[in-house]
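Listing of upload-v4.txt; format and content: compact mmCIF, C-alpha atoms.
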# COMPACT_ATOMS: atom_id res chain seq x y z
CA MET A 1259 0.49 7.94 20.94
CA SER A 1260 1.04 11.17 19.09
CA THR A 1261 0.62 11.30 15.35
CA ASP A 1262 1.60 14.96 15.00
CA TYR A 1263 5.26 15.76 14.76
CA THR A 1264 6.95 19.06 15.49
CA ASP A 1265 9.07 20.82 12.86
CA LEU A 1266 12.13 19.92 14.90
CA GLN A 1267 11.20 16.24 14.79
CA LEU A 1268 10.50 16.29 11.06
CA ASP A 1269 13.83 18.07 10.49
CA ALA A 1270 15.59 15.38 12.49
CA MET A 1271 13.89 12.64 10.43
CA ARG A 1272 14.78 14.45 7.21
CA GLU A 1273 18.40 14.68 8.30
CA LEU A 1274 18.35 10.97 9.05
CA ALA A 1275 16.96 10.24 5.57
CA ASN A 1276 19.59 12.54 4.07
CA ILE A 1277 22.48 10.74 5.71
CA GLY A 1278 21.01 7.31 5.04
CA SER A 1279 20.32 7.95 1.38
CA GLY A 1280 23.68 9.73 0.98
CA ASN A 1281 25.34 6.55 2.12
CA ALA A 1282 23.15 4.52 -0.26
CA ALA A 1283 23.95 6.85 -3.16
CA THR A 1284 27.68 6.37 -2.54
CA ALA A 1285 27.18 2.60 -2.62
CA LEU A 1286 25.19 2.80 -5.87
CA ALA A 1287 27.79 5.10 -7.46
CA SER A 1288 30.64 2.73 -6.68
CA MET A 1289 28.62 -0.25 -7.90
CA LEU A 1290 27.81 1.39 -11.24
CA GLY A 1291 30.97 3.48 -11.63
CA ARG A 1292 28.80 6.55 -12.24
CA GLU A 1293 27.87 9.62 -10.32
CA VAL A 1294 24.61 9.47 -8.42
CA GLU A 1295 22.69 12.59 -7.48
CA LEU A 1296 20.47 12.90 -4.50
CA SER A 1297 17.33 14.97 -4.09
CA VAL A 1298 16.52 16.80 -0.88
CA PRO A 1299 14.68 14.26 1.26
CA ARG A 1300 11.09 14.77 2.30
CA ALA A 1301 9.70 13.76 5.67
CA LEU A 1302 5.96 13.43 5.25
CA ALA A 1303 3.62 12.93 8.15
CA LEU A 1304 0.30 12.27 6.47
CA PRO A 1305 -3.16 10.87 6.97
CA LEU A 1306 -3.20 7.36 5.54
CA ALA A 1307 -5.61 8.31 2.77
CA ASP A 1308 -3.06 10.76 1.38
CA ALA A 1309 0.10 8.72 1.91
CA VAL A 1310 -0.08 6.76 -1.37
CA ASP A 1311 -0.80 9.85 -3.48
CA ALA A 1312 2.18 11.63 -1.91
CA VAL A 1313 4.48 8.86 -3.14
CA GLY A 1314 3.16 8.80 -6.72
CA PRO A 1315 0.25 7.92 -9.00
CA ALA A 1316 -1.46 4.85 -7.51
CA ASP A 1317 -2.03 3.13 -10.88
CA ARG A 1318 1.55 3.47 -12.15
CA THR A 1319 3.32 0.14 -12.62
CA VAL A 1320 6.61 0.15 -10.75
CA SER A 1321 9.34 -2.25 -9.73
CA SER A 1322 9.97 -2.36 -6.03
CA VAL A 1323 12.36 -3.87 -3.55
CA VAL A 1324 11.29 -4.27 0.06
CA LEU A 1325 13.77 -4.80 2.84
CA PRO A 1326 12.27 -5.42 6.27
CA ILE A 1327 14.33 -4.04 9.16
CA PHE A 1328 14.12 -5.49 12.63
CA GLY A 1329 15.88 -5.04 15.96
CA ASP A 1330 15.58 -1.95 18.16
CA ILE A 1331 13.05 -0.65 15.67
CA ASP A 1332 10.90 -2.31 13.04
CA ALA A 1333 10.62 -0.62 9.67
CA LEU A 1334 10.43 -1.29 5.97
CA VAL A 1335 12.88 0.12 3.46
CA LEU A 1336 11.21 0.44 0.07
CA LEU A 1337 12.91 1.21 -3.22
CA LEU A 1338 10.68 2.15 -6.12
CA PHE A 1339 11.82 2.25 -9.75
CA PRO A 1340 9.77 3.18 -12.76
CA THR A 1341 9.80 -0.11 -14.74
CA GLU A 1342 11.77 1.46 -17.60
CA ASP A 1343 14.38 2.67 -15.14
CA ALA A 1344 14.66 -0.77 -13.59
CA ALA A 1345 15.38 -2.01 -17.12
CA THR A 1346 18.04 0.70 -17.58
CA LEU A 1347 19.63 -0.29 -14.30
CA CYS A 1348 19.66 -3.95 -15.36
CA GLY A 1349 21.28 -2.83 -18.61
CA LEU A 1350 24.01 -0.99 -16.71
CA LEU A 1351 24.70 -4.19 -14.81
CA GLY A 1352 24.65 -6.27 -17.99
CA VAL A 1353 21.59 -8.36 -17.17
CA GLU A 1354 18.19 -8.58 -18.81
CA ALA A 1355 15.25 -6.93 -17.04
CA GLY A 1356 12.11 -8.92 -16.28
CA THR A 1357 14.01 -12.20 -16.05
CA GLU A 1358 14.86 -14.11 -12.91
CA VAL A 1359 18.43 -12.82 -13.13
CA GLY A 1360 17.16 -9.27 -13.69
CA ASP A 1361 14.89 -9.46 -10.64
CA SER A 1362 17.72 -10.90 -8.62
CA ALA A 1363 20.00 -8.03 -9.69
CA ILE A 1364 17.34 -5.49 -8.73
CA GLY A 1365 16.93 -7.27 -5.40
CA GLU A 1366 20.67 -7.15 -4.83
CA ILE A 1367 20.79 -3.43 -5.61
CA GLY A 1368 17.96 -2.99 -3.13
CA ASN A 1369 19.87 -5.04 -0.61
CA ILE A 1370 23.06 -3.02 -0.94
CA LEU A 1371 21.31 0.36 -0.96
CA GLY A 1372 18.96 -0.57 1.84
CA THR A 1373 21.78 -1.92 3.97
CA SER A 1374 23.89 1.22 3.43
CA TYR A 1375 20.89 3.30 4.37
CA ILE A 1376 20.14 1.47 7.57
CA ASN A 1377 23.83 1.30 8.56
CA ALA A 1378 23.88 5.10 8.52
CA LEU A 1379 20.63 5.18 10.44
CA ALA A 1380 21.93 2.68 13.00
CA SER A 1381 25.15 4.57 13.70
CA MET A 1382 23.46 7.97 13.78
CA ALA A 1383 20.67 6.95 16.13
CA GLY A 1384 22.63 4.32 18.03
CA LEU A 1385 20.29 1.52 17.03
CA ALA A 1386 20.97 -2.20 16.72
CA ILE A 1387 19.05 -3.14 13.58
CA GLU A 1388 19.37 -5.78 10.87
CA PRO A 1389 17.81 -6.28 7.46
CA LYS A 1390 15.98 -9.37 6.26
CA PRO A 1391 16.46 -10.60 2.67
CA PRO A 1392 15.02 -8.34 -0.04
CA HIS A 1393 11.84 -9.06 -1.91
CA VAL A 1394 11.18 -7.86 -5.47
CA VAL A 1395 7.66 -7.11 -6.74
CA THR A 1396 6.49 -5.34 -9.90
CA ASP A 1397 2.93 -4.08 -9.57
CA MET A 1398 0.77 -1.00 -9.13
CA LEU A 1399 2.39 1.62 -6.92
CA GLY A 1400 -0.77 2.04 -4.86
CA ALA A 1401 -1.07 -1.68 -4.15
CA ILE A 1402 2.57 -1.92 -3.09
CA VAL A 1403 2.62 1.13 -0.82
CA ALA A 1404 -0.81 0.47 0.73
CA SER A 1405 0.01 -3.19 1.46
CA LEU A 1406 3.21 -2.16 3.20
CA LEU A 1407 1.65 0.71 5.12
CA SER A 1408 -1.07 -1.58 6.43
CA GLN A 1409 1.76 -3.57 8.05
CA THR A 1410 3.55 -0.60 9.57
CA VAL A 1411 0.87 1.80 10.73
CA GLY A 1412 -1.38 -0.63 12.56
CA GLU A 1413 -4.28 1.16 14.12
CA THR A 1414 -3.03 4.72 13.82
CA ASP A 1415 -4.41 6.86 11.06
CA SER A 1416 -1.24 8.56 9.97
CA ALA A 1417 1.90 7.45 8.24
CA LEU A 1418 5.41 8.83 8.30
CA VAL A 1419 7.15 8.48 4.96
CA LEU A 1420 10.79 9.47 4.43
CA ASP A 1421 11.32 9.86 0.72
CA THR A 1422 14.50 10.60 -1.27
CA GLY A 1423 15.13 10.53 -5.03
CA LEU A 1424 18.35 9.15 -6.52
CA ASP A 1425 19.41 9.94 -10.07
CA VAL A 1426 22.13 8.08 -11.96
CA ALA A 1427 24.22 10.48 -14.09
CA ASP A 1428 24.32 9.90 -17.86
CA ALA A 1429 21.51 7.34 -17.74
CA ALA A 1430 17.76 7.81 -17.57
CA CYS A 1431 17.52 6.11 -14.26
CA SER A 1432 15.99 7.38 -11.08
CA LEU A 1433 14.59 5.67 -8.07
CA SER A 1434 12.92 6.68 -4.87
CA PHE A 1435 13.96 5.49 -1.54
CA LEU A 1436 11.42 5.27 1.24
CA LEU A 1437 11.64 4.41 4.89
CA LEU A 1438 8.36 3.34 6.45
CA PRO A 1439 8.87 2.96 10.20
CA THR A 1440 6.28 1.31 12.38
CA THR A 1441 4.57 3.79 14.68
CA GLY A 1442 6.53 2.52 17.68
CA GLY A 1443 9.70 2.69 15.58
CA ILE A 1444 9.22 6.41 14.95
CA GLU A 1445 8.94 7.14 18.67
CA GLU A 1446 12.07 5.10 19.29
CA ILE A 1447 14.07 6.92 16.60
CA LEU A 1448 12.95 10.35 17.81
CA GLY A 1449 13.90 9.40 21.36
CA ARG A 1450 17.36 8.26 20.29
CA LEU A 1451 17.88 11.47 18.37
CA GLY A 1452 17.02 13.44 21.49
CA VAL A 1453 13.84 15.00 20.08
CA GLY A 1454 11.31 12.52 21.47
CA GLY A 1455 8.29 13.12 23.67
CA ALA A 1456 5.97 14.94 21.31
CA MET B 466 -7.07 4.00 1.98
CA GLY B 467 -9.66 3.60 4.66
CA GLU B 468 -12.17 5.67 2.76
CA LEU B 469 -15.84 5.07 2.02
CA ALA B 470 -18.06 6.48 -0.71
CA VAL B 471 -21.72 6.13 -1.67
CA SER B 472 -23.65 7.24 -4.75
CA THR B 473 -26.98 7.05 -6.54
CA ALA B 474 -25.88 9.06 -9.59
CA PRO B 475 -25.94 6.83 -12.72
CA GLU B 476 -22.95 8.63 -14.23
CA ASP B 477 -20.81 7.98 -11.16
CA GLU B 478 -18.04 5.49 -10.92
CA LEU B 479 -16.78 4.50 -7.48
CA MET B 480 -13.20 3.44 -7.75
CA THR B 481 -10.34 2.20 -5.65
CA ILE B 482 -6.97 2.16 -7.40
CA GLY B 483 -4.23 -0.25 -6.41
CA LEU B 484 -5.75 -2.70 -3.95
CA GLY B 485 -3.00 -4.89 -2.59
CA SER B 486 -3.70 -6.59 0.72
CA CYS B 487 -6.57 -4.15 1.16
CA ILE B 488 -10.12 -5.13 0.16
CA GLY B 489 -12.59 -3.14 -1.88
CA VAL B 490 -16.10 -3.96 -0.63
CA ALA B 491 -19.01 -2.81 -2.75
CA VAL B 492 -22.52 -2.93 -1.33
CA VAL B 493 -25.42 -2.26 -3.71
CA ASP B 494 -29.19 -2.07 -3.80
CA ARG B 495 -29.99 -2.61 -7.46
CA ALA B 496 -33.65 -1.66 -7.19
CA ARG B 497 -32.78 1.77 -5.82
CA SER B 498 -29.54 2.14 -7.80
CA VAL B 499 -27.54 2.76 -4.66
CA ALA B 500 -23.90 1.72 -4.61
CA ALA B 501 -21.37 2.12 -1.80
CA LEU B 502 -17.70 1.22 -1.75
CA ALA B 503 -15.23 0.94 1.12
CA HIS B 504 -11.46 0.46 1.07
CA VAL B 505 -10.72 -1.88 3.98
CA MET B 506 -7.14 -1.98 5.20
CA LEU B 507 -7.13 -4.08 8.34
CA PRO B 508 -9.36 -6.81 9.82
CA GLU B 509 -10.49 -5.20 13.02
CA ALA B 510 -10.35 -2.03 15.04
CA ALA B 511 -9.59 -1.60 18.67
CA ALA B 512 -11.68 1.17 20.17
CA ILE B 513 -10.51 4.13 18.15
CA PRO B 514 -12.85 7.11 18.25
CA ASP B 515 -11.80 8.85 15.04
CA ALA B 516 -10.84 5.91 12.78
CA PRO B 517 -11.82 6.43 9.14
CA ALA B 518 -15.06 4.57 8.47
CA GLY B 519 -13.72 2.26 5.79
CA LYS B 520 -10.41 1.27 7.32
CA PHE B 521 -11.37 -1.72 9.44
CA ALA B 522 -13.53 -4.61 8.23
CA ASP B 523 -15.60 -4.80 11.41
CA LEU B 524 -16.51 -1.09 11.21
CA ALA B 525 -16.67 -0.75 7.44
CA ILE B 526 -19.58 -3.11 6.83
CA PRO B 527 -21.99 -1.43 9.29
CA ALA B 528 -20.86 1.94 7.88
CA LEU B 529 -21.58 0.75 4.31
CA VAL B 530 -25.06 -0.40 5.38
CA ALA B 531 -25.78 2.89 7.14
CA GLU B 532 -24.58 5.01 4.22
CA SER B 533 -26.57 2.95 1.70
CA GLU B 534 -29.72 3.21 3.80
CA ARG B 535 -29.20 6.95 4.11
CA MET B 536 -29.26 7.10 0.30
CA GLY B 537 -32.52 5.16 0.12
CA ALA B 538 -31.33 1.54 -0.03
CA ARG B 539 -33.29 -1.23 1.68
CA ARG B 540 -31.19 -3.40 3.93
CA VAL B 541 -32.79 -6.66 2.80
CA ARG B 542 -31.88 -5.98 -0.82
CA LEU B 543 -28.20 -5.29 -0.22
CA GLU B 544 -25.68 -7.42 -2.09
CA ALA B 545 -21.89 -7.35 -1.89
CA VAL B 546 -18.90 -7.76 -4.20
CA LEU B 547 -15.32 -8.13 -2.87
CA VAL B 548 -12.02 -7.51 -4.59
CA GLY B 549 -8.45 -7.53 -3.26
CA GLY B 550 -6.74 -9.21 -0.31
CA ALA B 551 -3.65 -10.20 -2.25
CA GLN B 552 -0.44 -11.24 -0.58
CA MET B 553 2.04 -9.11 -2.45
CA PHE B 554 5.04 -9.72 -0.24
CA ASP B 555 6.32 -12.78 1.56
CA VAL B 556 8.08 -10.52 3.99
CA GLY B 557 6.88 -7.98 6.45
CA VAL B 558 7.20 -6.46 9.87
CA GLY B 559 5.36 -7.36 13.03
CA SER B 560 2.70 -10.00 12.57
CA THR B 561 3.75 -11.35 9.21
CA LEU B 562 0.62 -13.43 8.79
CA ASP B 563 -1.04 -12.80 5.46
CA ILE B 564 -2.97 -9.56 6.03
CA GLY B 565 -4.76 -9.93 2.69
CA ALA B 566 -6.30 -13.28 3.65
CA ARG B 567 -7.17 -12.00 7.12
CA ASN B 568 -8.86 -8.97 5.59
CA ALA B 569 -10.89 -11.14 3.21
CA GLN B 570 -11.93 -13.42 6.06
CA ALA B 571 -12.91 -10.50 8.30
CA VAL B 572 -14.93 -8.85 5.52
CA ARG B 573 -16.80 -12.11 4.76
CA GLU B 574 -17.57 -12.58 8.46
CA ALA B 575 -18.81 -9.02 8.84
CA LEU B 576 -21.01 -9.39 5.73
CA ALA B 577 -22.43 -12.69 7.03
CA LYS B 578 -23.20 -11.03 10.35
CA ALA B 579 -25.03 -8.23 8.51
CA ARG B 580 -26.77 -10.91 6.35
CA ILE B 581 -25.54 -9.44 3.10
CA PRO B 582 -24.94 -12.07 0.39
CA VAL B 583 -21.66 -11.98 -1.54
CA ARG B 584 -22.53 -12.12 -5.25
CA ALA B 585 -19.04 -12.08 -6.68
CA GLN B 586 -15.50 -11.99 -5.40
CA GLU B 587 -11.95 -11.96 -6.59
CA THR B 588 -9.57 -12.21 -3.68
CA GLY B 589 -6.12 -13.57 -2.84
CA GLY B 590 -3.33 -14.12 -5.32
CA ARG B 591 -0.26 -11.95 -5.50
CA ARG B 592 -1.28 -9.11 -7.81
CA GLY B 593 -2.58 -5.65 -7.10
CA ARG B 594 -6.00 -4.75 -8.52
CA THR B 595 -8.07 -1.71 -9.36
CA MET B 596 -11.81 -2.00 -8.72
CA ARG B 597 -14.54 0.11 -10.30
CA VAL B 598 -18.24 0.17 -9.46
CA HIS B 599 -20.26 1.65 -12.32
CA VAL B 600 -23.32 3.00 -10.56
CA GLY B 601 -25.59 3.42 -13.59
CA ALA B 602 -24.85 0.04 -15.19
CA MET B 603 -24.59 -1.68 -11.78
CA THR B 604 -21.46 -3.52 -12.80
CA VAL B 605 -18.16 -4.14 -11.03
CA THR B 606 -14.97 -4.33 -13.04
CA VAL B 607 -11.46 -5.36 -12.00
CA LYS B 608 -8.11 -4.63 -13.58
CA GLU B 609 -4.70 -6.00 -12.61
CA ALA B 610 -1.43 -4.12 -13.17
CA GLY B 611 -0.67 -4.21 -16.89
CA GLY B 612 -3.85 -6.19 -17.54
CA ARG B 613 -7.16 -5.26 -19.07
CA GLU B 614 -10.37 -4.39 -17.34
CA VAL B 615 -12.63 -7.38 -16.76
CA GLU B 616 -16.26 -7.41 -15.67
CA LEU B 617 -16.54 -9.34 -12.41
CA TRP B 618 -20.24 -8.84 -11.75
CA SER B 619 -23.21 -7.42 -13.52
CA GLY B 620 -26.24 -6.48 -11.45
CA SER B 621 -28.09 -4.89 -14.33
CA PRO B 622 -31.43 -6.37 -15.43
CA GLY B 623 -31.06 -9.17 -17.94
CA PRO B 624 -28.98 -12.31 -17.76
CA ARG B 625 -27.49 -12.45 -14.33
CA ARG B 626 -23.99 -13.68 -13.84
CA SER B 627 -21.81 -14.10 -10.85
CA ALA B 628 -18.17 -14.89 -10.55
CA GLU B 629 -15.93 -16.51 -8.01
CA ALA B 630 -12.21 -16.44 -8.04
CA ILE B 631 -10.40 -17.08 -4.82
CA HIS B 632 -6.69 -17.59 -5.31
CA ARG B 633 -4.72 -19.40 -2.71

Show me the file's structure as structure tokens.
Amino acid sequence: MSTDYTDLQLDAMRELANIGSGNAATALASMLGREVELSVPRALALPLADAVDAVGPADRTVSSVVLPIFGDIDALVLLLFPTEDAATLCGLLGVEAGTEVGDSAIGEIGNILGTSYINALASMAGLAIEPKPPHVVTDMLGAIVASLLSQTVGETDSALVLDTGLDVADAACSLSFLLLPTTGGIEEILGRLGVGGA
Amino acid sequence: MGELAVSTAPEDELMTIGLGSCIGVAVVDRARSVAALAHVMLPEAAAIPDAPAGKFADLAIPALVAESERMGARRVRLEAVLVGGAQMFDVGVGSTLDIGARNAQAVREALAKARIPVRAQETGGRRGRTMRVHVGAMTVTVKEAGGREVELWSGSPGPRRSAEAIHR
């Protein structure tokens, strides 16, 4: 199985991330009643050893929501918030961060954003996929990303990470949105988009 | 991830930041001041020609032994310290069995096969950890997210201590 992607394939994946996260940003904006800005998505095909560093400093403490996706493809949607920003977001929703209610609110945000993202992905690529319930963990970025990648990459030595930043206007709150497809999932997506067969 | 390092320089510190379900395996020869560290990600490799040496438990242990011997260590004196193997998420894709526990098990089996005693370990639980091997002092320290650095093992001359913490 190929681990090198062509520019065309990476462009297609980036476009997918753009549409998915655009949809998620719209959902977040309507939930918060604020504008949400979107960064240009990155599609990173990397050796495993570099994948964590590409996402951020491994020892930074972050809040994360993980949403497993299953169906025609298996993947993980991962939302990462700096802990202060998770607190800001909780504040915007009127709940206290670091409490059970706060974690549940963060999980729900992850659920709504992740579901919007994968809905866009499903309709664009013609995939039947469903999310499982979200899971909230606050820990070291490196530990979170590495633990998830070890589930998705299996025996291959490269990871594909689709990464977008979302910024909430008038509040110091940003989050990154990552899609970590399993290796088989990537092939499937590329095939559906008509750019398969690397 | 998947990497392996070895050193005999007293000022060196071998480090793996943010171990989640992965395992940091340190192998040391105190008499020769050789320390090696691997970041194990998965229990076992299928036949993959160009897999990184540290990635799979079954390949990482022989690689640690070989690298340590290359730096002057004696096989019979090798001792090991393990950190990591947490289960950070209840959810996952594919085989959702606890990868952290499977990694820890695979590393222990591979060490037993190589007849390397485990002097200290801190595995399992739900928290990520950072592991440091201080080559000169021959100590291993562990730090959890937001926590402080704690000495797990000291292989320096003087009072010898060992630690065990296996969270289930």

Within 7 Å of Met480 in chain B using only C-alpha atoms, minus same-chain residues under 5 positions, as a ChimeraX atom specification: /B:596-598

Proximity to Arg580 in chain B - best of B:Gly483, B:Gly565, B:Pro527, B:Pro475, all atoms listed in the file: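 Ranking B:Gly483, B:Gly565, B:Pro527, B:Pro475 by distance to Arg580 in chain B, first place goes to B:Pro527.
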
Non-local contacts of range 1345-1358 of chain A (9 Å; all atoms listed in the file; under 2 positions in same chain excluded) as a list in words: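 The neighbour list is Met1289, Leu1290, Pro1340, Thr1341, Glu1342, Asp1343, Gly1360, Asp1361, Ser1362, Ala1363, Ile1364, Ala1429, Ala1430 and Cys1431 of chain A.
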
Would you put the residues from that selection into a file with C-alpha atoms, as a tab-separated table (two decimals), in the frame of the given file?
chain	number	residue	atom	x	y	z
A	1289	MET	CA	28.62	-0.25	-7.90
A	1290	LEU	CA	27.81	1.39	-11.24
A	1340	PRO	CA	9.77	3.18	-12.76
A	1341	THR	CA	9.80	-0.11	-14.74
A	1342	GLU	CA	11.77	1.46	-17.60
A	1343	ASP	CA	14.38	2.67	-15.14
A	1360	GLY	CA	17.16	-9.27	-13.69
A	1361	ASP	CA	14.89	-9.46	-10.64
A	1362	SER	CA	17.72	-10.90	-8.62
A	1363	ALA	CA	20.00	-8.03	-9.69
A	1364	ILE	CA	17.34	-5.49	-8.73
A	1429	ALA	CA	21.51	7.34	-17.74
A	1430	ALA	CA	17.76	7.81	-17.57
A	1431	CYS	CA	17.52	6.11	-14.26

Exercise answer, chain A residues close to chain B, 9 Å and all atoms listed in the file, as a ChimeraX atom specification: /A:1306-1310,1316-1319,1324-1328,1332-1334,1390-1406,1408-1410,1412-1415,1440

Selection: 6 Å around range 1376-1385 of chain A, all atoms listed in the file, excl. self and same-chain fewer than 3 positions, as number ranges by chain: A: 1278, 1330, 1373, 1450-1451

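If you look at CA of Ala1282 in chain A and CA of Pro1305 in chain A, they are 28.0 Å away from each other.
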
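Across the structure, CA of Ala1285 in chain A and CA of Gly1368 in chain A are spaced 10.8 Å apart.
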
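Going from CA of Ala496 in chain B over to CA of Thr606 in chain B, you cover 19.8 Å.
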
Selected residue of minimal separation from Leu1337 in chain A among A:Gly1423, A:Pro1315, A:Gly1452, A:Gly1280, counting all atoms listed in the file: A:Gly1423

Contacts of Leu469 in chain B within 7 Å, only C-alpha atoms, excl. fewer than 6 positions in-chain, as an MDAnalysis selection string: chainID B and resid 502:504 518:519

Local residues around (-24.2, 2.2, -3.9), at most 9 Å away, using all atoms listed in the file, as a list in words: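 Residues satisfying the cut-off, written out: Ala470, Val471, Ser472, Thr473, Leu479, Ala491, Val492, Val493, Asp494, Arg495, Arg497, Ser498, Val499, Ala500, Ala501, Leu502, Leu529, Glu532, Ser533, Met536, Ala538, Val598, Val600 and Met603 of chain B.
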
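Across B:Leu617, B:Ala522, B:Thr588, B:Ile631, the tightest approach to Leu576 in chain B is made by B:Ala522 when counting only C-alpha atoms.
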
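Every protein, DNA or RNA residue with an atom at most 7 Å from range 581-584 of chain B, where only C-alpha atoms count and chain neighbours fewer than 3 positions away do not, is listed here: Leu543, Glu544, Ala545, Val546, Leu576, Ala577 and Ser627 of chain B.
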
Write out, as a short mmCIF file (atom, residue, chain, number, x, y, z; two decimals), keeping the file's coordinate frame, the residues just selected, with C-alpha atoms.
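Result file is again.cif:
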data_model
loop_
_atom_site.label_atom_id
_atom_site.label_comp_id
_atom_site.auth_asym_id
_atom_site.auth_seq_id
_atom_site.Cartn_x
_atom_site.Cartn_y
_atom_site.Cartn_z
CA LEU B 543 -28.20 -5.29 -0.22
CA GLU B 544 -25.68 -7.42 -2.09
CA ALA B 545 -21.89 -7.35 -1.89
CA VAL B 546 -18.90 -7.76 -4.20
CA LEU B 576 -21.01 -9.39 5.73
CA ALA B 577 -22.43 -12.69 7.03
CA SER B 627 -21.81 -14.10 -10.85
#

Starting from 5 Å padding per side, set up an axis-aligned box that covers all listed atoms of range 1385-1393 of chain A and hand over centre and edge lengths in Å, one decimal, as lines of an AutoDock Vina configuration file.
center_x = 16.4
center_y = -4.5
center_z = 7.6
size_x = 19.1
size_y = 22.1
size_z = 28.9

Nearby residues, (8.5, 13.5, 3.5) file frame, 6 Å, only C-alpha atoms, as a short mmCIF file (atom, residue, chain, number, x, y, z; two decimals) with C-alpha atoms, in the frame of the given file:
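selection03.cif was written with the following content:
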data_model
loop_
_atom_site.label_atom_id
_atom_site.label_comp_id
_atom_site.auth_asym_id
_atom_site.auth_seq_id
_atom_site.Cartn_x
_atom_site.Cartn_y
_atom_site.Cartn_z
CA ARG A 1300 11.09 14.77 2.30
CA ALA A 1301 9.70 13.76 5.67
CA LEU A 1302 5.96 13.43 5.25
CA VAL A 1419 7.15 8.48 4.96
CA LEU A 1420 10.79 9.47 4.43
CA ASP A 1421 11.32 9.86 0.72
#
